[in-house]
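A.B. asks: Just dropping this structure here.
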Amino acid sequence: MKNIKISLLGLGVVGSKLLDYVRENGSELSRRLEVQLSIDKVFVRDVAKRRAVDVSDLILTNDPYEAVKDGDIVVECLGGSGAQQTREIVLSAIKAQKAVIMSSKKCLALYGREITDAVRENQTYFRYDATVGGCIPVSSVLESMGKCEKINKIYGICNATSNYILDEMQNNSTYASALQKAKEKGFAENDPGDDVDGFDALYKSVILAGFGMGHWIDCDTIAPTSIKSITAEDFCKARQKESAIKPIFSVENKDGRYSCFVGPSAVSRDSILASVKGSNNMIVISSSESGERAFYGQGAGAKPTASAMFDDLVKTIKEIRH
Ligand code: HSE
């Protein structure tokens, strides 16, 4: 039976939840996939820090390259800060022909072209589902659609925090209290400015275009609109027009010209996007052959994100086990 070692990078909210999933499901997974599965080394910035999760059976290191060295699959849960350092670690893992699973969307959006080129050149395995759409298996969808269809447009709602805040404000909450609740529920980034000002959705749009349309849009060329500009009067006007205000993203390829929009918009109350409530996301993919297909699910929080990573882990094990 093949022994597959996982190197885990980061033991924050998502990394810890993923560790729980591996511990809970690891032996069943090993039995079904006929592999020996172990978490080998874990990179954490502070080895001595007290943690909510039991680390007594893990080898912790504050050297990310040490963690990467011996693993077969490198699972990156480093969070939003330090995109440049994450890039270096991920590229070193790919060049060492490790299979890589990423969750840091900012890093993938900024360096996606370089990372995917390195994956191709080194002929290794790469998955990124946790970067976009929470538990929606968007990478598998794009992968299978991309085989025979041309994707023209991808749009919808991909920031749970903004959607939650706008929904709460629509129900007469203040912006500050809605944001506070989104933080308490674990939807918001460490810096919630990325969520409310549209940068998180911008990174996700770039990733979707990169994998779905094969074109990496330069993040600097997109100017997102913040939801902070929305006032009570806007909600009132939208209500009069039987609309709801939602945090919309859209990327489009029109004859090789790419455009991207991220910002709050009024959508008809009867539209499917208006039905996306709270922390849910919806990603609509419009392609030459199938028309529009919509994918819906929880877009934020430790459990949906770690579950997306766990799915990526299962797929990767299936790919590398022989
Ligand atoms: N802060 C992100 C959001 C988390 O609210 O959508 C999931 O990427």
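Quick note on naming: the chains in the structure tokens go A, B, ... in the order shown, residues restart at 1 in each chain, and ligands are numbered from 1 in order of appearance.
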Enumerate residues in contact with ligand 1: an atom-to-atom distance of at most 7 Å, counting only C-alpha atoms and all ligand atoms. Format the result as an MDAnalysis selection string.
C.D. replies: chainID A and resid 131:134 158:162 187:189 195 200 299:301
A.B. asks: With N, CA and C atoms retained, write the just-selected residues as a PDB file, in the first residue's frame.
C.D. replies:
ATOM      1  N   THR A 131     -10.175  28.434  -3.061  1.00  0.00           N
ATOM      2  CA  THR A 131      -9.924  29.868  -3.288  1.00  0.00           C
ATOM      3  C   THR A 131     -11.182  30.608  -3.735  1.00  0.00           C
ATOM      4  N   VAL A 132     -12.131  29.899  -4.329  1.00  0.00           N
ATOM      5  CA  VAL A 132     -13.335  30.552  -4.883  1.00  0.00           C
ATOM      6  C   VAL A 132     -14.596  29.782  -4.510  1.00  0.00           C
ATOM      7  N   GLY A 133     -15.594  30.500  -4.027  1.00  0.00           N
ATOM      8  CA  GLY A 133     -16.932  29.894  -3.913  1.00  0.00           C
ATOM      9  C   GLY A 133     -17.119  28.916  -2.772  1.00  0.00           C
ATOM     10  N   GLY A 134     -16.254  28.965  -1.746  1.00  0.00           N
ATOM     11  CA  GLY A 134     -16.432  28.092  -0.579  1.00  0.00           C
ATOM     12  C   GLY A 134     -16.552  26.645  -1.000  1.00  0.00           C
ATOM     13  N   CYS A 158     -19.718  36.168  -5.191  1.00  0.00           N
ATOM     14  CA  CYS A 158     -18.633  35.311  -4.691  1.00  0.00           C
ATOM     15  C   CYS A 158     -17.998  35.870  -3.424  1.00  0.00           C
ATOM     16  N   ASN A 159     -18.612  36.892  -2.834  1.00  0.00           N
ATOM     17  CA  ASN A 159     -18.112  37.327  -1.529  1.00  0.00           C
ATOM     18  C   ASN A 159     -19.236  37.229  -0.512  1.00  0.00           C
ATOM     19  N   ALA A 160     -19.063  36.280   0.399  1.00  0.00           N
ATOM     20  CA  ALA A 160     -20.116  35.982   1.370  1.00  0.00           C
ATOM     21  C   ALA A 160     -20.319  37.128   2.356  1.00  0.00           C
ATOM     22  N   THR A 161     -19.214  37.738   2.771  1.00  0.00           N
ATOM     23  CA  THR A 161     -19.296  38.815   3.767  1.00  0.00           C
ATOM     24  C   THR A 161     -20.150  39.968   3.246  1.00  0.00           C
ATOM     25  N   SER A 162     -19.869  40.412   2.011  1.00  0.00           N
ATOM     26  CA  SER A 162     -20.626  41.536   1.442  1.00  0.00           C
ATOM     27  C   SER A 162     -22.084  41.171   1.256  1.00  0.00           C
ATOM     28  N   PHE A 187     -16.940  34.782   8.530  1.00  0.00           N
ATOM     29  CA  PHE A 187     -17.001  34.945   7.070  1.00  0.00           C
ATOM     30  C   PHE A 187     -15.924  35.912   6.577  1.00  0.00           C
ATOM     31  N   ALA A 188     -15.670  36.961   7.371  1.00  0.00           N
ATOM     32  CA  ALA A 188     -14.808  38.052   6.897  1.00  0.00           C
ATOM     33  C   ALA A 188     -13.328  37.669   6.953  1.00  0.00           C
ATOM     34  N   GLU A 189     -12.550  38.287   6.084  1.00  0.00           N
ATOM     35  CA  GLU A 189     -11.088  38.128   6.107  1.00  0.00           C
ATOM     36  C   GLU A 189     -10.522  38.829   7.342  1.00  0.00           C
ATOM     37  N   ASP A 195     -12.954  42.353   1.818  1.00  0.00           N
ATOM     38  CA  ASP A 195     -14.314  41.888   1.500  1.00  0.00           C
ATOM     39  C   ASP A 195     -15.187  43.050   1.057  1.00  0.00           C
ATOM     40  N   ASP A 200     -11.528  41.008  -2.457  1.00  0.00           N
ATOM     41  CA  ASP A 200     -11.678  39.552  -2.364  1.00  0.00           C
ATOM     42  C   ASP A 200     -12.418  39.021  -3.608  1.00  0.00           C
ATOM     43  N   GLY A 299     -20.428  30.092   0.880  1.00  0.00           N
ATOM     44  CA  GLY A 299     -19.216  30.671   0.309  1.00  0.00           C
ATOM     45  C   GLY A 299     -18.127  31.012   1.299  1.00  0.00           C
ATOM     46  N   ALA A 300     -18.405  30.885   2.587  1.00  0.00           N
ATOM     47  CA  ALA A 300     -17.375  31.277   3.568  1.00  0.00           C
ATOM     48  C   ALA A 300     -17.567  30.496   4.850  1.00  0.00           C
ATOM     49  N   GLY A 301     -16.532  30.605   5.697  1.00  0.00           N
ATOM     50  CA  GLY A 301     -16.573  29.899   6.977  1.00  0.00           C
ATOM     51  C   GLY A 301     -15.595  28.738   6.935  1.00  0.00           C
TER      52      GLY A 301
END
A.B. asks: Fewer than 2 positions away in the same chain doesn't count, so skip those; otherwise give me all residues within 9 Å of stretch 64-79 of chain A, counting only C-alpha atoms, as a VMD selection string.
C.D. replies: chain A and resid 4 to 15 39 to 45 59 to 62 81 to 83 86 89 to 90 92 to 93 96 to 106 125 189 to 190 309 313 316 to 317 320
A.B. asks: Going by DSSP on the backbone, which residues of stretch 152-272 of chain A come out as helix (DSSP H, G or I)? List them as a ChimeraX atom specification.
C.D. replies: /A:160-170,175-184,193-196,199-213,219-221,227-229,232-240
A.B. asks: Looking at A:Val196, A:Val119, A:Leu29, A:Val206, which one is nearest to A:Phe261, with distances taken over only C-alpha atoms?
C.D. replies: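 Of all the options, A:Val206 lies closest to A:Phe261.
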A.B. asks: Rank nothing, just name the residue among A:Glu143, A:Gln85, A:Ser279, A:Asn25 nearest to A:Gly186, using only C-alpha atoms.
C.D. replies: A:Ser279
